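**Student:** The structure's right below; bear with me while I get my questions together.
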Amino acid sequence: MILAISGSLRRDSLNSAALRAAARAAARSALEVVIDTSPAILPPFSPDLESEPPEPVLRFRRACECAEAILLAVPEYAFGIPGAFKNALDWTVGSGSLYRKPIALLSVAPPGRGAHVTQALDAVFTGLDGDVAHYVVPVVAADRGADGEVRDPRIVEALQAVVTELWAHARSRSAETQTPLRSVRHT
Ligand SMILES: Cc1cc2nc3c(=O)[nH]c(=O)nc-3n(C[C@H](O)[C@H](O)[C@H](O)COP(=O)(O)O)c2cc1C
């Protein structure tokens, strides 16, 4: 199972729409992508809560730990990581729930945008020994249909390629032979 997490809490989020499209595309290849919306409900991280983490935190950690791979789509806010999403990441540090996970960082920002959030996420996942690959599949508001969903065949195909490659990598990787995911760019 691939766990997909959006870094945006916005109702009409392009990042969230891209992940939903990726999940639908993955289903066509019989791949399971489960969308997790925990960043919207996790309490603010405090080390004081680590001894008895709140239930939503435990559920989020379990979901991360059960996933073979993680698909993230995170917008750039104020030259960095959106607070709610960073808060979710902070909750995984003590538990190691994302430690060494294969992670695809999907950027839906227009070309040339979002470099700061990518850099910030890379720094976080370096600390977690994450196995990170970067993908760029630009999505703009006009790419969504009347129902708010992304169905443009070129975008859907690119998203399907992302999940297929992430899944193949996750399945082929063993604890001993960890080959980094190669970064590819879909435009
Ligand atoms: C509070 C805020 C701060 C932002 N800061 C940046 C920024 O520093 N750099 C950037 O390229 N875009 C910035 N943006 C634009 C968002 O990254 C962009 O709107 C993105 O599409 C939001 O993702 P979403 O559609 O999934 O919510 C900002 C947007 C907001 C609301």
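Going by the structure tokens order, chains are called A, B, ..., each with residues numbered from 1, while ligands are numbered from 1 in the order shown.
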Neighbouring residues of Leu42 (chain A) were defined as those with any atom within 8 Å, considering only C-alpha atoms; residues of the same chain fewer than 4 positions away were excluded. Please report them as a ChimeraX atom specification.
**Tutor:** /A:38,56-57,87-88
**Student:** Output C-alpha atoms for every residue in the selection just made, as an mmCIF file, in the first residue's frame.
**Tutor:**
data_model
loop_
_atom_site.group_PDB
_atom_site.id
_atom_site.type_symbol
_atom_site.label_atom_id
_atom_site.label_comp_id
_atom_site.auth_asym_id
_atom_site.auth_seq_id
_atom_site.Cartn_x
_atom_site.Cartn_y
_atom_site.Cartn_z
ATOM 1 C CA SER A 38 -4.143 13.341 9.323
ATOM 2 C CA PRO A 56 -4.930 10.523 15.963
ATOM 3 C CA VAL A 57 -1.152 10.533 16.279
ATOM 4 C CA ASN A 87 3.669 19.309 12.416
ATOM 5 C CA ALA A 88 2.680 15.862 11.070
#
**Student:** I need the residues of region 86-134 of chain A that end up classed as alpha helix (DSSP H) by DSSP on the backbone, written out as a list in words.
**Tutor:** Lys86, Asn87, Ala88, Leu89, Asp90, Trp91, Thr92, Val93, Ala115, His116, Val117, Thr118, Gln119, Ala120, Leu121, Asp122, Ala123, Val124, Phe125, Thr126 and Gly127 of chain A
**Student:** Find the residues near ligand 1. Use a cut-off of 6 Å, count only C-alpha atoms and all ligand atoms, and write them as a PyMOL selection string.
**Tutor:** chain A and resi 8+10+13-16+75-79+113-114
**Student:** Those same residues - C-alpha atoms - I'd like them written as a PDB file, in the first residue's frame.
**Tutor:**
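Produced file again.pdb, reproduced below:
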ATOM      1  CA  SER A   8      -2.431  21.424   1.824  1.00  0.00           C
ATOM      2  CA  ARG A  10      -7.278  23.826   1.360  1.00  0.00           C
ATOM      3  CA  SER A  13      -6.210  22.079  -3.131  1.00  0.00           C
ATOM      4  CA  LEU A  14      -4.350  21.231  -6.333  1.00  0.00           C
ATOM      5  CA  ASN A  15      -1.968  19.017  -4.371  1.00  0.00           C
ATOM      6  CA  SER A  16      -4.845  17.024  -2.882  1.00  0.00           C
ATOM      7  CA  PRO A  75       2.796  23.257  -1.609  1.00  0.00           C
ATOM      8  CA  GLU A  76       5.317  25.923  -0.710  1.00  0.00           C
ATOM      9  CA  TYR A  77       4.186  28.311   1.999  1.00  0.00           C
ATOM     10  CA  ALA A  78       6.336  31.285   2.956  1.00  0.00           C
ATOM     11  CA  PHE A  79       9.417  29.702   1.357  1.00  0.00           C
ATOM     12  CA  ARG A 113       8.393  27.283  -8.395  1.00  0.00           C
ATOM     13  CA  GLY A 114       8.490  25.405  -5.107  1.00  0.00           C
TER      14      GLY A 114
END
**Student:** Tell me which of A:Val117, A:Leu3, A:Leu98, A:Glu68 sits closest to Arg20 (chain A), counting only C-alpha atoms.
**Tutor:**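 Of A:Val117, A:Leu3, A:Leu98, A:Glu68, the one nearest Arg20 (chain A) is A:Leu3, counting only C-alpha atoms.
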**Student:** Considering only C-alpha atoms, can you say which of A:Leu58, A:Ile35, A:Ala21, A:Ala120 comes closest to Ile155 (chain A)?
**Tutor:**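 Between A:Leu58, A:Ile35, A:Ala21, A:Ala120, the residue approaching Ile155 (chain A) most closely is A:Ala21.
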**Student:** Taking into account only C-alpha atoms, which residue in the set A:Leu159, A:Leu166, A:Ala115, A:Ala104 is nearest to Arg28 (chain A)?
**Tutor:**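 So, comparing all the options, the nearest one is A:Leu159.
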**Student:** So that each row is one residue of region 46-123 of chain A with an atom at most 8 Å from region 134-145 of chain A, can you give its shortest atom pair and the distance in Å to one decimal, using only C-alpha atoms, rows by chain and rising number, as a Markdown table?
**Tutor:**
| residue | atom | partner | partner_atom | distance |
| --- | --- | --- | --- | --- |
| A:Ala104 | CA | A:His134 | CA | 5.9 |
| A:Leu105 | CA | A:His134 | CA | 4.9 |
| A:Leu106 | CA | A:Tyr135 | CA | 4.8 |
| A:Ser107 | CA | A:Val136 | CA | 4.8 |
| A:Val108 | CA | A:Pro138 | CA | 4.2 |
| A:Ala109 | CA | A:Pro138 | CA | 5.3 |
| A:Pro110 | CA | A:Pro138 | CA | 5.3 |
| A:Pro111 | CA | A:Pro138 | CA | 7.0 |
**Student:** Those residues with N, CA and C atoms, as a short mmCIF file (atom, residue, chain, number, x, y, z; two decimals), in the first residue's frame please?
**Tutor:**
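Okay, this is what ended up in part13.cif:
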data_model
loop_
_atom_site.label_atom_id
_atom_site.label_comp_id
_atom_site.auth_asym_id
_atom_site.auth_seq_id
_atom_site.Cartn_x
_atom_site.Cartn_y
_atom_site.Cartn_z
N ALA A 104 8.08 9.38 -2.52
CA ALA A 104 8.05 10.18 -3.74
C ALA A 104 7.54 11.56 -3.37
N LEU A 105 8.35 12.57 -3.66
CA LEU A 105 7.96 13.96 -3.44
C LEU A 105 7.44 14.51 -4.76
N LEU A 106 6.14 14.68 -4.82
CA LEU A 106 5.51 15.16 -6.04
C LEU A 106 5.30 16.66 -5.95
N SER A 107 5.85 17.38 -6.91
CA SER A 107 5.59 18.82 -6.99
C SER A 107 4.60 19.09 -8.11
N VAL A 108 3.50 19.76 -7.78
CA VAL A 108 2.53 20.13 -8.81
C VAL A 108 2.66 21.61 -9.17
N ALA A 109 3.65 22.27 -8.58
CA ALA A 109 3.85 23.70 -8.82
C ALA A 109 4.31 23.93 -10.26
N PRO A 110 4.06 25.12 -10.78
CA PRO A 110 4.56 25.44 -12.13
C PRO A 110 6.08 25.32 -12.15
N PRO A 111 6.66 25.00 -13.32
CA PRO A 111 8.11 24.85 -13.41
C PRO A 111 8.82 26.08 -12.81
#
